[in-house]
Amino acid sequence: MDQLERARELLAEHPVVDGHNDLPWALREQVNYDLDARDIATDQSAHLHTDIPRLRAGGVGAQFWSVYVRSDMAGDDAVSATLEQIDAVADLLARHPADLRRALTADDMEAARAEGRIASLMGAEGGHSINNSLGTLRALHALGVRYMTLTHNDNIAWADSATDDPGVGGLSPFGHEVVREMNRTGMLVDLSHVAATTMRDALRTSTAPVMFSHSSARAICDHPRNIPDDVLERLPANGGIAMATFVPKFVLPEAVAWTHSADENMRAQGLHHLDTTERAMKIHAAFEAANPRPMATVATIADHLDHMRETAGIDHIGIGGDYDGTAFLPQGLEDVAGYPNLIAELLGRGWSAADLAKLTWQNAVRVLRAAQDVSRDLSARRGPSHATIEQLDTPTA
């Protein structure tokens, strides 16, 4: 049996829990949520990285669908757009009940696996989605959101982003209260996109396991979106999980400068660099044809996972591809059907079946279950917080 065939067998038993997929935003941008125009029951490879046949081919058993909204949206506009994203995921689940199962708990994930369906969870990407309101945070949890990335690419009033200038120096007092309330509700604290100072502050405050839904190792590629070793080393004590992403500009040092030029080209055309509309993808393709890009490969991602396993331990790593949230992907991981190629590469590097089961399925399920346990304990001891950012972050005379 070759490595690829063995990888597929392993994924049939322990499928991938992917920490981050931006399909809802791609559907918004491309077709304004017209699911007839992008029927993911059929091959959508001309438009998307994701559809049900390719999820099946890739051995995906659970997906955190990102209900991302751009960080230049603010206030109630950001909240409304997040609700529209949640509504889009609900539409997807209603449209494809034989393949997708709504999941709110670790038990739901296991039940979906037993039924042969893909467990579908949601993660909000950026604290701007709650508009400085703990009540809004709880409302998102009630609607099924099971993690929130504390920031996206820009700082918010209470947390610093990895790709912005320092603001509050990590988490503000209100930011710490957000983390505590996320622990109480059972919403996972996602530290992808945040500054290293924010990561460390959140780890000091969180009594539940944290996650990095789509971040790789800074020691392998020195990009601020990646996780420093001292933070990876703290994951075992916290119980959390770091899910390696596939975005070339975060994983391949040679791709960083090239991607900056590609993003500048998009902005010169009046487009956002995360735009995945048909026009935007044609502009990306033309730029790449004129400026061949450095190619990340499956081996590039495996290098990150090797380092993350060595630094954080096998119990604290996972996968978060960021499909449909990036224009470029590594060779062999061009869409969601590519996961067996990664597992085959890791098998070739000597990873055991037990290690791979933890990477793909068991670690993520354990982390969600542990967050539920912490929530049950905290909810029995205290009620919801009604603190405001004005109360906690306004300096006293």
# chains A, B, ... in the order shown; residues from 1 in each chain; ligands from 1

call {"tool": "closest_atom_pairs", "arguments": {"of": "segment 166-248 of chain A", "to": "segment 379-386 of chain A", "cutoff": "8 Å", "atoms": "only C-alpha atoms", "output": "tab-separated table"}}
result
residue	atom	partner	partner_atom	distance
A:Glu181	CA	A:Ser385	CA	6.7
A:Arg184	CA	A:Ser379	CA	5.8
A:Thr185	CA	A:Ser379	CA	7.3

call {"tool": "residues_around", "arguments": {"residues": "His141 of chain A", "least_positions_apart": "5", "cutoff": "10 Å", "atoms": "only C-alpha atoms", "output": "count of residues only"}}
result
13

call {"tool": "residues_around", "arguments": {"residues": "Pro224 of chain A", "least_positions_apart": "3", "cutoff": "9 Å", "atoms": "only C-alpha atoms", "output": "ChimeraX atom specification"}}
result
/A:162-163,193-196,218,227-228,250

call {"tool": "atom_distance", "arguments": {"atom1": "atom CA of Ala7 of chain A", "atom2": "atom CA of Trp361 of chain A"}}
result
13.7 Å

call {"tool": "residues_around", "arguments": {"residues": "segment 46-49 of chain A", "least_positions_apart": "5", "cutoff": "6 Å", "atoms": "only C-alpha atoms", "output": "list in words"}}
result
Tyr323, Asp324 and Asp335 of chain A

call {"tool": "write_last_selection", "arguments": {"atoms": "N, CA, C and O atoms", "output": "mmCIF file, in the first residue's frame"}}
result
data_model
loop_
_atom_site.group_PDB
_atom_site.id
_atom_site.type_symbol
_atom_site.label_atom_id
_atom_site.label_comp_id
_atom_site.auth_asym_id
_atom_site.auth_seq_id
_atom_site.Cartn_x
_atom_site.Cartn_y
_atom_site.Cartn_z
ATOM 1 N N TYR A 323 -9.047 27.804 3.406
ATOM 2 C CA TYR A 323 -9.569 27.731 2.043
ATOM 3 C C TYR A 323 -10.656 28.772 1.813
ATOM 4 O O TYR A 323 -11.405 29.126 2.725
ATOM 5 N N ASP A 324 -10.708 29.261 0.585
ATOM 6 C CA ASP A 324 -11.627 30.312 0.141
ATOM 7 C C ASP A 324 -11.424 31.629 0.882
ATOM 8 O O ASP A 324 -12.260 32.528 0.775
ATOM 9 N N ASP A 335 -6.911 22.763 -2.984
ATOM 10 C CA ASP A 335 -8.311 22.844 -2.557
ATOM 11 C C ASP A 335 -8.520 21.829 -1.439
ATOM 12 O O ASP A 335 -7.579 21.153 -1.006
#

call {"tool": "residues_around", "arguments": {"residues": "His96 of chain A", "least_positions_apart": "5", "cutoff": "9 Å", "atoms": "only C-alpha atoms", "output": "VMD selection string"}}
result
chain A and resid 40 to 41 91 101

call {"tool": "write_last_selection", "arguments": {"atoms": "C-alpha atoms", "output": "CSV table (one decimal), in the first residue's frame"}}
result
chain,number,residue,atom,x,y,z
A,40,ILE,CA,-21.6,23.1,-3.5
A,41,ALA,CA,-23.2,19.7,-4.1
A,91,ASP,CA,-28.9,28.0,4.5
A,101,ARG,CA,-24.7,18.3,10.2

call {"tool": "residues_around", "arguments": {"residues": "segment 255-267 of chain A", "least_positions_apart": "4", "cutoff": "12 Å", "atoms": "only C-alpha atoms", "output": "VMD selection string"}}
result
chain A and resid 221 to 225 247 to 251 271 to 277 279 to 297 300 326 to 330

call {"tool": "write_last_selection", "arguments": {"atoms": "C-alpha atoms", "output": "mmCIF file, in the first residue's frame"}}
result
data_model
loop_
_atom_site.group_PDB
_atom_site.id
_atom_site.type_symbol
_atom_site.label_atom_id
_atom_site.label_comp_id
_atom_site.auth_asym_id
_atom_site.auth_seq_id
_atom_site.Cartn_x
_atom_site.Cartn_y
_atom_site.Cartn_z
ATOM 1 C CA CYS A 221 8.478 31.578 8.685
ATOM 2 C CA ASP A 222 9.030 34.832 10.538
ATOM 3 C CA HIS A 223 5.667 36.464 9.876
ATOM 4 C CA PRO A 224 3.661 38.198 12.639
ATOM 5 C CA ARG A 225 0.614 36.058 11.761
ATOM 6 C CA VAL A 247 -1.456 30.417 3.200
ATOM 7 C CA PRO A 248 1.892 30.711 1.346
ATOM 8 C CA LYS A 249 2.691 34.223 2.575
ATOM 9 C CA PHE A 250 2.491 32.929 6.154
ATOM 10 C CA VAL A 251 4.389 29.671 5.656
ATOM 11 C CA LEU A 271 -9.886 45.874 -4.979
ATOM 12 C CA HIS A 272 -9.425 44.489 -1.471
ATOM 13 C CA HIS A 273 -6.534 42.047 -1.289
ATOM 14 C CA LEU A 274 -8.849 39.344 0.121
ATOM 15 C CA ASP A 275 -11.328 39.708 -2.747
ATOM 16 C CA THR A 276 -12.105 36.349 -4.399
ATOM 17 C CA THR A 277 -14.616 37.523 -7.010
ATOM 18 C CA ARG A 279 -12.620 39.764 -11.623
ATOM 19 C CA ALA A 280 -10.228 39.679 -8.676
ATOM 20 C CA MET A 281 -9.085 36.144 -9.424
ATOM 21 C CA LYS A 282 -8.383 37.098 -13.058
ATOM 22 C CA ILE A 283 -6.230 39.995 -11.828
ATOM 23 C CA HIS A 284 -4.402 37.619 -9.479
ATOM 24 C CA ALA A 285 -3.826 35.154 -12.333
ATOM 25 C CA ALA A 286 -2.479 37.853 -14.643
ATOM 26 C CA PHE A 287 -0.090 39.129 -11.962
ATOM 27 C CA GLU A 288 1.133 35.604 -11.288
ATOM 28 C CA ALA A 289 1.681 34.950 -14.996
ATOM 29 C CA ALA A 290 3.873 38.033 -15.243
ATOM 30 C CA ASN A 291 5.557 37.480 -11.856
ATOM 31 C CA PRO A 292 5.949 33.768 -11.092
ATOM 32 C CA ARG A 293 5.386 33.240 -7.415
ATOM 33 C CA PRO A 294 7.565 31.254 -5.028
ATOM 34 C CA MET A 295 5.759 27.971 -4.514
ATOM 35 C CA ALA A 296 4.920 26.534 -1.144
ATOM 36 C CA THR A 297 4.392 22.775 -1.196
ATOM 37 C CA THR A 300 6.393 23.363 3.502
ATOM 38 C CA THR A 326 -6.760 33.236 0.167
ATOM 39 C CA ALA A 327 -5.955 33.548 -3.517
ATOM 40 C CA PHE A 328 -2.896 31.276 -3.404
ATOM 41 C CA LEU A 329 -2.246 27.835 -1.934
ATOM 42 C CA PRO A 330 0.609 25.314 -1.849
#

call {"tool": "residues_around", "arguments": {"residues": "segment 311-315 of chain A", "least_positions_apart": "6", "cutoff": "10 Å", "atoms": "only C-alpha atoms", "output": "VMD selection string"}}
result
chain A and resid 217 229 to 237 239 to 242 305 354 to 356 358 to 359 362 to 364 366 to 367

call {"tool": "atom_distance", "arguments": {"atom1": "atom CA of Thr205 of chain A", "atom2": "atom CA of Ser80 of chain A"}}
result
29.1 Å

call {"tool": "closest_residue", "arguments": {"among": "A:Arg54, A:Arg180, A:His316, A:Arg70", "to": "Gly126 of chain A", "atoms": "only C-alpha atoms"}}
result
A:Arg70

call {"tool": "atom_distance", "arguments": {"atom1": "atom CA of Ser352 of chain A", "atom2": "atom CA of Arg117 of chain A"}}
result
25.7 Å

call {"tool": "select_by_dssp", "arguments": {"residues": "segment 185-294 of chain A", "states": "alpha helix (DSSP H)", "output": "ChimeraX atom specification"}}
result
/A:185,196-205,229-238,248-251,253-268,278-290

call {"tool": "select_by_dssp", "arguments": {"residues": "segment 146-227 of chain A", "states": "strand (DSSP E)", "output": "list in words"}}
result
Arg146, Tyr147, Met148, Thr149, Leu188, Val189, Asp190, Met211 and Phe212 of chain A

call {"tool": "closest_residue", "arguments": {"among": "A:Ala202, A:Val189, A:Ala106, A:Val145", "to": "Ser172 of chain A", "atoms": "only C-alpha atoms"}}
result
A:Ala202
